[in-house]
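S.K.: Pasting work-v2.csv here (CSV, C-alpha atoms and all ligand atoms):
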chain,number,residue,atom,x,y,z
Q,518,MET,CA,-17.7,97.2,-108.9
Q,519,PHE,CA,-21.1,97.3,-110.6
Q,520,LEU,CA,-20.0,97.9,-114.2
Q,521,LYS,CA,-16.4,97.5,-115.0
Q,522,LEU,CA,-14.6,98.1,-118.3
Q,523,GLN,CA,-11.0,96.7,-118.6
Q,524,ASN,CA,-8.8,97.7,-121.5
Q,525,VAL,CA,-11.7,97.9,-123.9
Q,526,THR,CA,-10.5,98.2,-127.4
Q,527,LYS,CA,-12.3,98.3,-130.8
Q,528,ARG,CA,-10.8,98.6,-134.3
Q,529,PHE,CA,-12.5,99.3,-137.6
Q,530,GLY,CA,-9.8,98.3,-140.1
Q,531,ASP,CA,-6.8,100.5,-139.3
Q,532,LEU,CA,-8.8,102.9,-137.2
Q,533,VAL,CA,-8.7,102.3,-133.4
Q,534,ALA,CA,-12.1,103.7,-132.5
Q,535,VAL,CA,-11.8,102.8,-128.8
Q,536,LYS,CA,-8.3,102.5,-127.2
Q,537,THR,CA,-7.7,100.5,-124.0
Q,538,VAL,CA,-10.5,102.1,-122.1
Q,539,SER,CA,-10.7,101.2,-118.4
Q,540,LEU,CA,-13.5,102.5,-116.2
Q,541,ASP,CA,-15.3,101.6,-113.0
Q,542,ILE,CA,-19.0,102.6,-112.8
Q,543,PRO,CA,-20.7,102.3,-109.4
Q,544,GLU,CA,-24.4,101.4,-109.2
Q,545,GLY,CA,-26.8,104.3,-109.4
Q,546,GLU,CA,-24.3,106.7,-111.1
Q,547,LEU,CA,-25.0,108.9,-114.1
Q,548,ILE,CA,-21.8,109.1,-116.0
Q,549,CYS,CA,-21.4,111.0,-119.3
Q,550,PHE,CA,-19.1,110.2,-122.1
Q,551,LEU,CA,-18.1,113.6,-123.5
Q,552,GLY,CA,-16.0,114.5,-126.4
Q,553,PRO,CA,-15.9,115.9,-130.0
Q,554,SER,CA,-17.6,114.1,-132.8
Q,555,GLY,CA,-15.8,111.0,-133.9
Q,556,CYS,CA,-13.9,110.4,-130.7
Q,557,GLY,CA,-15.5,107.0,-130.1
Q,558,LYS,CA,-18.4,107.7,-127.7
Q,559,THR,CA,-21.1,105.9,-129.6
Q,560,THR,CA,-18.8,102.9,-130.3
Q,561,LEU,CA,-17.9,102.6,-126.6
Q,562,LEU,CA,-21.6,102.7,-125.7
Q,563,ARG,CA,-22.5,100.1,-128.4
Q,564,LEU,CA,-19.7,97.9,-127.0
Q,565,ILE,CA,-21.3,98.1,-123.5
Q,566,ALA,CA,-24.7,97.4,-125.0
Q,567,GLY,CA,-23.4,94.4,-126.9
Q,568,LEU,CA,-24.2,95.8,-130.3
Q,569,GLU,CA,-20.5,95.7,-131.3
Q,570,ALA,CA,-18.0,92.9,-130.5
Q,571,LEU,CA,-14.8,93.8,-128.5
Q,572,ASP,CA,-11.4,93.3,-130.2
Q,573,ASP,CA,-9.7,93.3,-126.8
Q,574,GLY,CA,-10.5,93.8,-123.1
Q,575,ASP,CA,-13.5,92.8,-120.9
Q,576,ILE,CA,-16.8,94.3,-119.7
Q,577,LEU,CA,-18.1,93.0,-116.4
Q,578,LEU,CA,-21.4,93.5,-114.7
Q,579,ASN,CA,-21.4,92.5,-111.0
Q,580,GLU,CA,-18.2,90.6,-111.6
Q,581,GLN,CA,-19.8,88.6,-114.5
Q,582,ASP,CA,-18.0,88.8,-117.8
Q,583,LEU,CA,-20.5,90.0,-120.4
Q,584,THR,CA,-18.4,89.2,-123.5
Q,585,GLN,CA,-20.4,86.1,-124.4
Q,586,THR,CA,-23.8,87.6,-123.4
Q,587,PRO,CA,-25.7,88.8,-126.5
Q,588,ASP,CA,-27.3,92.3,-126.4
Q,589,ARG,CA,-30.9,90.9,-125.8
Q,590,GLU,CA,-29.8,89.1,-122.7
Q,591,ARG,CA,-27.9,92.0,-121.1
Q,592,ASN,CA,-31.1,93.8,-120.2
Q,593,PHE,CA,-29.7,97.2,-120.9
Q,594,GLY,CA,-32.2,99.9,-121.9
Q,595,MET,CA,-31.2,102.1,-124.8
Q,596,VAL,CA,-32.4,105.5,-126.1
Q,597,PHE,CA,-31.0,107.0,-129.3
Q,598,GLN,CA,-30.9,110.5,-130.7
Q,599,SER,CA,-34.3,110.4,-132.2
Q,600,TYR,CA,-36.9,108.7,-134.4
Q,601,SER,CA,-36.4,105.3,-132.7
Q,602,LEU,CA,-40.1,104.7,-131.8
Q,603,PHE,CA,-42.1,102.3,-134.0
Q,604,PRO,CA,-44.1,104.7,-136.1
Q,605,ASN,CA,-47.0,102.3,-136.8
Q,606,MET,CA,-47.5,101.4,-133.1
Q,607,THR,CA,-49.4,103.5,-130.5
Q,608,ILE,CA,-47.4,105.0,-127.6
Q,609,GLY,CA,-48.8,102.3,-125.4
Q,610,ASN,CA,-47.7,99.5,-127.7
Q,611,ASN,CA,-44.3,101.1,-128.1
Q,612,VAL,CA,-43.8,100.9,-124.4
Q,613,ALA,CA,-45.3,97.4,-124.2
Q,614,TYR,CA,-43.1,96.0,-127.0
Q,615,GLY,CA,-40.1,95.0,-124.9
Q,616,LEU,CA,-42.3,93.5,-122.3
Q,617,GLU,CA,-44.1,91.3,-124.8
Q,618,CYS,CA,-40.7,90.2,-126.1
Q,619,ARG,CA,-39.8,89.2,-122.6
Q,620,LYS,CA,-43.1,87.2,-122.3
Q,621,TRP,CA,-44.6,89.3,-119.5
Q,622,ASN,CA,-48.3,88.4,-119.0
Q,623,SER,CA,-50.8,90.9,-120.4
Q,624,GLU,CA,-52.1,92.2,-117.0
Q,625,ARG,CA,-48.6,92.9,-115.8
Q,626,ILE,CA,-47.7,94.6,-119.1
Q,627,LYS,CA,-50.8,96.9,-118.9
Q,628,ALA,CA,-49.9,98.0,-115.4
Q,629,ARG,CA,-46.3,98.6,-116.3
Q,630,VAL,CA,-47.2,100.6,-119.4
Q,631,THR,CA,-49.5,102.8,-117.3
Q,632,GLU,CA,-46.9,103.2,-114.6
Q,633,MET,CA,-44.1,104.1,-117.1
Q,634,LEU,CA,-46.2,106.6,-119.0
Q,635,ALA,CA,-47.2,108.3,-115.8
Q,636,LEU,CA,-43.6,108.6,-114.8
Q,637,VAL,CA,-42.9,110.6,-118.0
Q,638,HIS,CA,-46.2,112.5,-117.7
Q,639,LEU,CA,-47.7,111.1,-120.9
Q,640,GLU,CA,-50.4,108.8,-119.5
Q,641,ASP,CA,-53.1,110.7,-121.6
Q,642,GLN,CA,-51.2,110.0,-124.8
Q,643,ILE,CA,-51.3,106.2,-124.7
Q,644,ASP,CA,-53.5,105.7,-127.8
Q,645,LYS,CA,-51.7,108.3,-130.0
Q,646,PHE,CA,-49.1,107.5,-132.6
Q,647,PRO,CA,-45.5,108.8,-132.5
Q,648,SER,CA,-46.1,111.3,-135.3
Q,649,GLN,CA,-48.8,113.0,-133.3
Q,650,LEU,CA,-46.3,113.8,-130.5
Q,651,SER,CA,-43.6,116.5,-130.3
Q,652,GLY,CA,-40.0,115.6,-130.4
Q,653,GLY,CA,-39.6,116.0,-126.7
Q,654,GLN,CA,-42.6,113.9,-126.0
Q,655,GLN,CA,-41.3,111.2,-128.3
Q,656,GLN,CA,-38.0,111.1,-126.4
Q,657,ARG,CA,-39.9,110.7,-123.1
Q,658,VAL,CA,-41.8,107.8,-124.6
Q,659,ALA,CA,-38.4,106.3,-125.8
Q,660,LEU,CA,-37.3,106.7,-122.2
Q,661,ALA,CA,-40.4,105.0,-120.8
Q,662,ARG,CA,-39.9,102.2,-123.3
Q,663,ALA,CA,-36.3,101.7,-122.3
Q,664,LEU,CA,-37.0,101.7,-118.6
Q,665,ALA,CA,-40.1,99.5,-118.7
Q,666,PRO,CA,-38.3,96.1,-118.5
Q,667,GLU,CA,-36.4,97.2,-115.4
Q,668,PRO,CA,-33.0,97.3,-117.1
Q,669,HIS,CA,-29.8,96.9,-115.1
Q,670,VAL,CA,-28.3,99.9,-116.9
Q,671,LEU,CA,-29.8,102.8,-119.0
Q,672,LEU,CA,-27.7,103.8,-122.1
Q,673,LEU,CA,-28.5,107.1,-123.7
Q,674,ASP,CA,-26.8,108.2,-127.0
Q,675,GLU,CA,-27.2,112.0,-127.5
Q,676,PRO,CA,-30.9,111.7,-126.5
Q,677,LEU,CA,-31.4,115.5,-126.5
Q,678,SER,CA,-29.4,116.6,-129.5
Q,679,ALA,CA,-32.3,116.6,-132.0
Q,680,LEU,CA,-34.5,118.8,-129.8
Q,681,ASP,CA,-34.7,122.6,-129.7
Q,682,ALA,CA,-32.9,124.4,-126.9
Q,683,LYS,CA,-35.8,125.0,-124.5
Q,684,VAL,CA,-37.1,121.4,-124.7
Q,685,ARG,CA,-33.5,120.2,-124.3
Q,686,VAL,CA,-33.0,122.1,-121.0
Q,687,ALA,CA,-36.3,121.0,-119.6
Q,688,LEU,CA,-35.8,117.4,-120.5
Q,689,ARG,CA,-32.3,117.1,-119.2
Q,690,LEU,CA,-33.6,118.1,-115.8
Q,691,GLU,CA,-36.4,115.6,-116.1
Q,692,ILE,CA,-34.1,112.8,-117.1
Q,693,ARG,CA,-31.7,113.6,-114.2
Q,694,ARG,CA,-34.6,113.6,-111.7
Q,695,LEU,CA,-36.0,110.4,-113.0
Q,696,GLN,CA,-32.6,108.7,-113.0
Q,697,GLN,CA,-32.0,109.8,-109.4
Q,698,SER,CA,-35.5,108.7,-108.2
Q,699,LEU,CA,-35.1,105.3,-109.8
Q,700,GLY,CA,-31.5,105.0,-108.8
Q,701,ILE,CA,-30.7,103.5,-112.2
Q,702,THR,CA,-27.1,103.4,-113.4
Q,703,THR,CA,-27.0,105.5,-116.5
Q,704,ILE,CA,-24.4,106.1,-119.2
Q,705,MET,CA,-25.1,109.1,-121.4
Q,706,VAL,CA,-23.2,110.1,-124.5
Q,707,THR,CA,-23.1,113.7,-125.5
Q,708,HIS,CA,-20.9,116.2,-127.3
Q,709,ASP,CA,-22.5,119.0,-125.4
Q,710,GLN,CA,-20.4,120.0,-122.4
Q,711,GLU,CA,-23.2,122.0,-120.7
Q,712,GLU,CA,-25.4,118.9,-120.8
Q,713,ALA,CA,-22.6,116.7,-119.4
Q,714,LEU,CA,-21.6,119.2,-116.7
Q,715,THR,CA,-25.2,119.9,-115.5
Q,716,MET,CA,-26.4,116.2,-115.5
Q,717,ALA,CA,-23.6,113.9,-114.6
Q,718,ASP,CA,-22.2,112.6,-111.4
Q,719,ARG,CA,-18.9,112.1,-113.3
Q,720,VAL,CA,-17.8,113.0,-116.8
Q,721,VAL,CA,-15.5,111.0,-119.0
Q,722,ILE,CA,-13.7,113.2,-121.5
Q,723,MET,CA,-12.6,111.3,-124.6
Q,724,ASN,CA,-10.3,112.2,-127.4
Q,725,GLU,CA,-9.4,109.9,-130.3
Q,726,GLY,CA,-10.8,106.8,-128.7
Q,727,ALA,CA,-9.0,107.2,-125.4
Q,728,ILE,CA,-10.0,108.7,-122.0
Q,729,GLU,CA,-8.3,112.0,-121.3
Q,730,GLN,CA,-9.8,112.6,-117.8
Q,731,VAL,CA,-12.5,111.2,-115.5
Q,732,GLY,CA,-14.0,113.3,-112.7
Q,733,ALA,CA,-16.9,115.2,-111.2
Q,734,PRO,CA,-17.9,118.2,-113.4
Q,735,VAL,CA,-16.4,120.8,-110.9
Q,736,ASP,CA,-13.1,118.9,-110.9
Q,737,VAL,CA,-12.7,118.6,-114.7
Q,738,TYR,CA,-13.7,122.2,-115.1
Q,739,GLY,CA,-11.6,123.4,-112.1
Q,740,ASP,CA,-8.5,121.3,-112.7
Q,741,PRO,CA,-8.2,120.0,-116.3
Q,742,SER,CA,-5.4,117.5,-116.3
Q,743,THR,CA,-4.5,117.9,-120.0
Q,744,SER,CA,-4.5,120.8,-122.4
Q,745,PHE,CA,-7.1,119.0,-124.5
Q,746,VAL,CA,-9.5,119.0,-121.5
Q,747,ALA,CA,-8.7,122.6,-120.7
Q,748,ASP,CA,-9.5,123.6,-124.2
Q,749,PHE,CA,-12.6,121.4,-124.6
Q,750,ILE,CA,-14.4,122.3,-121.3
Q,751,GLY,CA,-15.4,125.9,-121.0
Q,752,THR,CA,-13.3,128.7,-122.5
Q,753,MET,CA,-9.6,128.9,-121.9
Q,754,ASN,CA,-6.9,131.3,-122.9
Q,755,PHE,CA,-3.6,129.7,-123.9
Q,756,LEU,CA,-0.5,131.8,-123.8
Q,757,ASN,CA,3.1,131.0,-124.9
Q,758,VAL,CA,5.4,131.4,-121.9
Q,759,THR,CA,9.0,130.4,-121.1
Q,760,ILE,CA,9.9,128.5,-117.9
Q,761,ILE,CA,12.2,130.5,-115.6
Q,762,ASP,CA,12.4,127.9,-112.8
Q,763,ASP,CA,10.2,125.8,-110.6
Q,764,LYS,CA,6.8,127.5,-110.4
Q,765,MET,CA,7.8,130.6,-112.4
Q,766,VAL,CA,7.3,131.5,-116.0
Q,767,GLN,CA,8.0,134.6,-118.2
Q,768,LEU,CA,5.3,136.3,-120.2
Q,769,ALA,CA,5.5,139.7,-122.0
Q,770,GLY,CA,8.6,140.6,-120.0
Q,771,ARG,CA,7.1,139.8,-116.7
Q,772,LYS,CA,7.7,137.0,-114.2
Q,773,LEU,CA,4.6,135.1,-113.2
Q,774,ALA,CA,4.2,132.5,-110.4
Q,775,CYS,CA,2.0,129.5,-111.5
Q,776,ASP,CA,0.5,127.0,-109.1
Q,777,HIS,CA,-0.7,124.2,-111.4
Q,778,TRP,CA,1.9,122.3,-113.4
Q,779,HIS,CA,1.1,119.5,-115.9
Q,780,ALA,CA,4.4,119.9,-117.6
Q,781,ASP,CA,8.0,119.4,-116.4
Q,782,ALA,CA,9.6,122.5,-115.0
Q,783,LEU,CA,12.6,122.6,-117.2
Q,784,SER,CA,14.2,126.1,-117.2
Q,785,GLY,CA,14.3,127.8,-120.6
Q,786,GLN,CA,11.6,125.5,-122.0
Q,787,LYS,CA,8.7,127.0,-124.0
Q,788,VAL,CA,5.3,125.8,-122.7
Q,789,ARG,CA,1.7,126.9,-122.7
Q,790,MET,CA,0.1,128.6,-119.8
Q,791,ALA,CA,-3.7,128.6,-119.4
Q,792,ILE,CA,-6.2,130.9,-117.6
Q,793,ARG,CA,-9.9,131.1,-117.8
Q,794,PRO,CA,-11.4,134.5,-119.0
Q,795,GLU,CA,-13.4,134.9,-115.7
Q,796,ASP,CA,-10.1,134.5,-113.7
Q,797,VAL,CA,-8.3,137.4,-115.3
Q,798,ARG,CA,-8.7,140.5,-113.1
Q,799,ILE,CA,-8.5,143.8,-114.9
Q,800,GLN,CA,-7.1,146.8,-112.9
Q,801,ALA,CA,-6.5,150.4,-113.7
Q,802,GLU,CA,-2.9,151.2,-114.4
Q,803,GLY,CA,-0.8,151.6,-111.2
Q,804,PRO,CA,2.4,150.4,-109.6
Q,805,PRO,CA,3.2,146.9,-111.0
Q,806,GLY,CA,2.5,144.1,-108.5
Q,807,ASP,CA,3.1,140.4,-108.6
Q,808,ASN,CA,1.6,138.4,-111.4
Q,809,ILE,CA,0.5,141.5,-113.4
Q,810,VAL,CA,1.0,142.0,-117.1
Q,811,GLU,CA,0.4,145.1,-119.1
Q,812,ALA,CA,-2.3,145.0,-121.8
Q,813,ARG,CA,-4.3,147.1,-124.1
Q,814,ILE,CA,-8.1,146.7,-124.8
Q,815,ASP,CA,-8.7,145.5,-128.3
Q,816,TRP,CA,-12.4,144.9,-128.3
Q,817,ILE,CA,-15.4,145.2,-125.9
Q,818,GLU,CA,-18.5,143.1,-126.3
Q,819,PHE,CA,-21.6,143.8,-124.2
Q,820,LEU,CA,-23.3,140.5,-123.1
Q,821,GLY,CA,-26.0,141.9,-120.7
Q,822,SER,CA,-24.8,141.3,-117.2
Q,823,THR,CA,-21.2,140.9,-118.2
Q,824,TYR,CA,-18.8,142.3,-120.8
Q,825,ARG,CA,-16.3,140.3,-122.8
Q,826,ILE,CA,-13.1,142.1,-123.3
Q,827,ASP,CA,-10.3,141.1,-125.7
Q,828,LEU,CA,-6.8,142.2,-124.6
Q,829,THR,CA,-3.5,142.4,-126.4
Q,830,LEU,CA,-0.5,141.9,-124.1
Q,831,GLU,CA,2.0,144.8,-124.2
Q,832,GLY,CA,5.7,144.5,-123.3
Q,833,ALA,CA,8.4,142.3,-124.5
Q,834,GLY,CA,7.9,139.2,-126.7
Q,835,GLU,CA,5.4,138.2,-129.3
Q,836,LYS,CA,1.9,139.8,-129.6
Q,837,GLN,CA,-0.5,137.6,-127.7
Q,838,ASN,CA,-4.2,137.9,-127.1
Q,839,MET,CA,-6.3,137.1,-124.0
Q,840,LYS,CA,-10.1,137.1,-123.5
Q,841,THR,CA,-11.5,138.3,-120.2
Q,842,GLU,CA,-14.9,138.7,-118.6
Q,843,LEU,CA,-16.0,141.7,-116.5
Q,844,SER,CA,-19.2,142.5,-114.6
Q,845,ALA,CA,-21.1,145.5,-115.8
Q,846,ALA,CA,-20.5,147.2,-112.4
Q,847,LEU,CA,-16.7,146.8,-112.6
Q,848,MET,CA,-16.8,148.0,-116.1
Q,849,ARG,CA,-18.4,151.3,-115.1
Q,850,ASP,CA,-16.0,151.8,-112.2
Q,851,LEU,CA,-12.9,151.3,-114.3
Q,852,ASP,CA,-14.2,153.4,-117.2
Q,853,LEU,CA,-12.7,151.2,-119.9
Q,854,ALA,CA,-12.8,151.8,-123.7
Q,855,ILE,CA,-11.1,150.3,-126.7
Q,856,GLY,CA,-7.5,151.4,-126.7
Q,857,THR,CA,-7.3,151.8,-122.9
Q,858,LYS,CA,-4.1,150.5,-121.3
Q,859,VAL,CA,-4.8,148.3,-118.2
Q,860,HIS,CA,-3.1,146.0,-115.9
Q,861,ALA,CA,-4.2,142.4,-116.0
Q,862,LEU,CA,-3.7,140.4,-112.8
Q,863,LEU,CA,-3.3,136.7,-113.5
Q,864,PRO,CA,-3.7,135.0,-110.0
Q,865,ARG,CA,-1.2,132.3,-109.5
Q,866,GLU,CA,-3.9,129.9,-108.2
Q,867,GLN,CA,-5.7,130.2,-111.5
Q,868,LEU,CA,-2.7,129.5,-113.8
Q,869,TRP,CA,-2.1,126.1,-115.4
Q,870,VAL,CA,1.0,125.0,-117.3
Q,871,TYR,CA,0.8,122.4,-120.0
Q,872,PRO,CA,3.5,121.1,-122.4
F,901,LIG,N1,-19.2,100.6,-138.3
F,901,LIG,C1,-18.1,101.4,-138.5
F,901,LIG,N2,-17.2,101.1,-139.4
F,901,LIG,C2,-16.1,101.9,-139.6
F,901,LIG,N3,-15.8,102.9,-138.9
F,901,LIG,C3,-16.7,103.3,-137.9
F,901,LIG,C4,-17.9,102.5,-137.6
F,901,LIG,N4,-18.5,103.1,-136.6
F,901,LIG,C5,-17.7,104.2,-136.2
F,901,LIG,N5,-16.6,104.3,-137.0
F,901,LIG,C6,-15.6,105.3,-136.9
F,901,LIG,O1,-15.1,105.2,-135.5
F,901,LIG,C7,-14.8,106.5,-135.0
F,901,LIG,C8,-15.6,106.8,-133.8
F,901,LIG,O2,-17.0,106.9,-134.1
F,901,LIG,P1,-18.2,107.1,-133.1
F,901,LIG,O3,-18.0,106.1,-132.0
F,901,LIG,O4,-19.4,107.1,-133.8
F,901,LIG,O5,-17.8,108.6,-132.6
F,901,LIG,P2,-18.7,109.6,-131.7
F,901,LIG,O6,-20.0,108.9,-131.2
F,901,LIG,O7,-17.8,110.0,-130.6
F,901,LIG,O8,-19.0,110.7,-132.6
F,901,LIG,C9,-15.1,107.5,-136.1
F,901,LIG,O9,-13.9,107.8,-136.8
F,901,LIG,C10,-16.1,106.7,-137.0
F,901,LIG,O10,-16.0,107.1,-138.4
F,902,MG,MG,-22.0,109.3,-131.6
Once you've parsed the file, please lay out its structure as structure tokens.
Ligand SMILES: Nc1ncnc2c1ncn2[C@@H]1O[C@H](COP(=O)(O)OP(=O)(O)O)[C@@H](O)[C@H]1O
Ligand SMILES: [Mg+2]

M.R.:
Amino acid sequence: MFLKLQNVTKRFGDLVAVKTVSLDIPEGELICFLGPSGCGKTTLLRLIAGLEALDDGDILLNEQDLTQTPDRERNFGMVFQSYSLFPNMTIGNNVAYGLECRKWNSERIKARVTEMLALVHLEDQIDKFPSQLSGGQQQRVALARALAPEPHVLLLDEPLSALDAKVRVALRLEIRRLQQSLGITTIMVTHDQEEALTMADRVVIMNEGAIEQVGAPVDVYGDPSTSFVADFIGTMNFLNVTIIDDKMVQLAGRKLACDHWHADALSGQKVRMAIRPEDVRIQAEGPPGDNIVEARIDWIEFLGSTYRIDLTLEGAGEKQNMKTELSAALMRDLDLAIGTKVHALLPREQLWVYP
């Protein structure tokens, strides 16, 4: 394995900021650490960079233990959220800095600086100072500076979060393309799920210092292994249900079959059932079929090409709410309004059960 984390642990006093994290990262992968603020993403990245010392565990690069290797000798490139350029140096000198530290000769430095600035489309800005560039341009310089010394690994800590939305979307595509064309192993920290899902080969979802799930974006979205991941990635409805038996639960007086179980199927047990808004199928009232619950429309929100509809479940048991999404076309066909009674089909393949 190219980069290997084994039981990596970091404490700050009583707080365990990173808890026994193990992870294998193959060469050339872009992997994202994703999770809410304070879950330990930056600390884990700084441990990999050698900017923090481990309390426990090992980090290996190409089978070599890095524990005793100081950060300068790891040759990992790093880009932070913002404002990390040297303000009193030109763009060219910013990119050259790391190469001078590594004692490259001046001709080689000059060629490399030109090459790197061309890579991020800023070759004409070489003599400017950071304050003369936009935020997005500054981050591209930071990227060029990090990549210049041909690092083994590129580490990015929320590199886009200080930029405005449009620049962010453009730059995330540019970073991904650059990363793929160079084939450089990259670890990016973000709290923005859209960023992680669009850019990463694999996503590591973290919660309170520990890994909840690792997988390709479609897999963590399509099959969240814990209720934390289900709740954190995308939008999810959670409904209180009672287990009837293996694969069956009771909701609002109806029996529903559920295909995905991440809880023990103990009959009589109260558990949470999850379904994504886009998977709820609203139907006009009719004869009750399998996996259908009765509901009433509480609220309708127009979102352009789709509508968001809030439902309250009718029938036995506690009042529960569920969000759904509907195309504008279907909305017209069904002639729905606030107060309308409908049937909501909850397809068994789209139902997850969590403790
Ligand atoms: N140098 C430090 N000293 C004490 N606590 C820290 C230090 N750095 C981070 N922490 C704490 O460790 C936890 C994880 O922080 P961090 O890795 O920055 O989270 P994230 O990057 O996911 O927002 C937080 O509770 C934070 O307050
Ligand atoms: Mg952070």

S.K.: Would you mind telling me which residue in Q:Tyr738, Q:Gly594, Q:Arg685, Q:Leu680 lies nearest to Pro668 (chain Q) when using all atoms listed in the file?

M.R.: Q:Gly594

S.K.: So, with all atoms listed in the file as the atoms that count, which of Q:Gly574, Q:Gly785, Q:Gly609, Q:Gly726 lies closest to Val535 (chain Q)?

M.R.: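 Closest to Val535 (chain Q), using all atoms listed in the file: Q:Gly726.
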
S.K.: Can you list every residue of chain Q that has an atom at most 9 Å from ligand LIG 901 (chain F), with its nearest atom pair and the distance in Å to one decimal, using all atoms listed in the file, ordered by chain then number, as CSV?

M.R.:
residue,atom,partner,partner_atom,distance
Q:Lys527,CA,F:LIG901,O1,8.8
Q:Arg528,CA,F:LIG901,O1,8.0
Q:Phe529,CA,F:LIG901,C2,4.9
Q:Gly530,CA,F:LIG901,C2,7.3
Q:Leu532,CA,F:LIG901,O1,6.9
Q:Val533,CA,F:LIG901,O1,7.3
Q:Ala534,CA,F:LIG901,O1,4.5
Q:Val535,CA,F:LIG901,C8,7.4
Q:Phe550,CA,F:LIG901,O7,8.6
Q:Leu551,CA,F:LIG901,O7,8.0
Q:Gly552,CA,F:LIG901,O7,6.4
Q:Pro553,CA,F:LIG901,O7,6.2
Q:Ser554,CA,F:LIG901,O8,3.7
Q:Gly555,CA,F:LIG901,O5,3.4
Q:Cys556,CA,F:LIG901,O7,3.9
Q:Gly557,CA,F:LIG901,O3,3.3
Q:Lys558,CA,F:LIG901,O7,3.7
Q:Thr559,CA,F:LIG901,O6,3.6
Q:Thr560,CA,F:LIG901,O3,3.7
Q:Leu561,CA,F:LIG901,O3,6.4
Q:Leu562,CA,F:LIG901,O3,8.0
Q:Arg563,CA,F:LIG901,O3,8.3
Q:Glu569,CA,F:LIG901,N1,8.6
Q:Asp674,CA,F:LIG901,O6,8.0
Q:Glu675,CA,F:LIG901,O6,8.7
Q:Val706,CA,F:LIG901,O6,7.5
Q:Thr707,CA,F:LIG901,O6,8.1
Q:His708,CA,F:LIG901,O7,7.7
Q:Met723,CA,F:LIG901,O7,8.0
Q:Asn724,CA,F:LIG901,O7,8.4
Q:Glu725,CA,F:LIG901,C8,7.8
Q:Gly726,CA,F:LIG901,C8,7.0

S.K.: Write the residues you've just listed into a file as a tab-separated table (two decimals), keeping the file's coordinate frame, and include C-alpha atoms for each of them.

M.R.:
chain	number	residue	atom	x	y	z
Q	527	LYS	CA	-12.30	98.30	-130.80
Q	528	ARG	CA	-10.80	98.60	-134.30
Q	529	PHE	CA	-12.50	99.30	-137.60
Q	530	GLY	CA	-9.80	98.30	-140.10
Q	532	LEU	CA	-8.80	102.90	-137.20
Q	533	VAL	CA	-8.70	102.30	-133.40
Q	534	ALA	CA	-12.10	103.70	-132.50
Q	535	VAL	CA	-11.80	102.80	-128.80
Q	550	PHE	CA	-19.10	110.20	-122.10
Q	551	LEU	CA	-18.10	113.60	-123.50
Q	552	GLY	CA	-16.00	114.50	-126.40
Q	553	PRO	CA	-15.90	115.90	-130.00
Q	554	SER	CA	-17.60	114.10	-132.80
Q	555	GLY	CA	-15.80	111.00	-133.90
Q	556	CYS	CA	-13.90	110.40	-130.70
Q	557	GLY	CA	-15.50	107.00	-130.10
Q	558	LYS	CA	-18.40	107.70	-127.70
Q	559	THR	CA	-21.10	105.90	-129.60
Q	560	THR	CA	-18.80	102.90	-130.30
Q	561	LEU	CA	-17.90	102.60	-126.60
Q	562	LEU	CA	-21.60	102.70	-125.70
Q	563	ARG	CA	-22.50	100.10	-128.40
Q	569	GLU	CA	-20.50	95.70	-131.30
Q	674	ASP	CA	-26.80	108.20	-127.00
Q	675	GLU	CA	-27.20	112.00	-127.50
Q	706	VAL	CA	-23.20	110.10	-124.50
Q	707	THR	CA	-23.10	113.70	-125.50
Q	708	HIS	CA	-20.90	116.20	-127.30
Q	723	MET	CA	-12.60	111.30	-124.60
Q	724	ASN	CA	-10.30	112.20	-127.40
Q	725	GLU	CA	-9.40	109.90	-130.30
Q	726	GLY	CA	-10.80	106.80	-128.70

S.K.: Between CA of Leu773 (chain Q) and CA of Tyr824 (chain Q), what is the spacing in Å?

M.R.: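 Taking CA of Tyr824 (chain Q) as the start and CA of Leu773 (chain Q) as the end point, the length is 25.6 Å.
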
S.K.: Taking (-15.9, 109.7, -113.3) as a centre in this file's frame and 6 Å as the limit, can you find every polymer residue with an atom that close, using only C-alpha atoms, and give them as a PyMOL selection string?

M.R.: chain Q and resi 719-721+731-733

S.K.: Excluding Ala566 (chain Q) and any residue of its chain fewer than 3 positions from it, enumerate the residues within 12 Å of it, using all atoms listed in the file, and give them as a PyMOL selection string.

M.R.: chain Q and resi 520+559-563+569-571+576-578+583-584+586-596+668-674+703-704

S.K.: Taking all atoms listed in the file into account, name the residue in Q:Leu828, Q:Gly615, Q:Arg798, Q:Ser623 that is nearest to Ala854 (chain Q).

M.R.: Q:Leu828

S.K.: Enter the distance from CA of Ser744 (chain Q) to CA of Lys764 (chain Q), in Å, rounded to one decimal.

M.R.: 17.8 Å

S.K.: Determine, counting all atoms listed in the file, every residue of protein, DNA or RNA that lies within 12 Å of (-13.4, 122.9, -123.9) in the file coordinates, then give the result as a ChimeraX atom specification.

M.R.: /Q:551-553,708-711,713-714,722-724,737-739,741,743-755,793

S.K.: List the spatial neighbours of Gln656 (chain Q) as a compact mmCIF listing (two decimals) with C-alpha atoms, keeping the file's coordinate frame - criterion: any atom at most 10 Å away, all atoms listed in the file, same-chain residues fewer than 4 positions off excluded.

M.R.:
# COMPACT_ATOMS: atom_id res chain seq x y z
CA VAL Q 596 -32.40 105.50 -126.10
CA PHE Q 597 -31.00 107.00 -129.30
CA GLN Q 598 -30.90 110.50 -130.70
CA SER Q 599 -34.30 110.40 -132.20
CA TYR Q 600 -36.90 108.70 -134.40
CA SER Q 601 -36.40 105.30 -132.70
CA LEU Q 602 -40.10 104.70 -131.80
CA VAL Q 637 -42.90 110.60 -118.00
CA PRO Q 647 -45.50 108.80 -132.50
CA LEU Q 650 -46.30 113.80 -130.50
CA SER Q 651 -43.60 116.50 -130.30
CA GLY Q 652 -40.00 115.60 -130.40
CA LEU Q 660 -37.30 106.70 -122.20
CA ALA Q 661 -40.40 105.00 -120.80
CA ARG Q 662 -39.90 102.20 -123.30
CA PRO Q 676 -30.90 111.70 -126.50
CA LEU Q 677 -31.40 115.50 -126.50
CA ALA Q 679 -32.30 116.60 -132.00
CA LEU Q 680 -34.50 118.80 -129.80
CA LEU Q 688 -35.80 117.40 -120.50
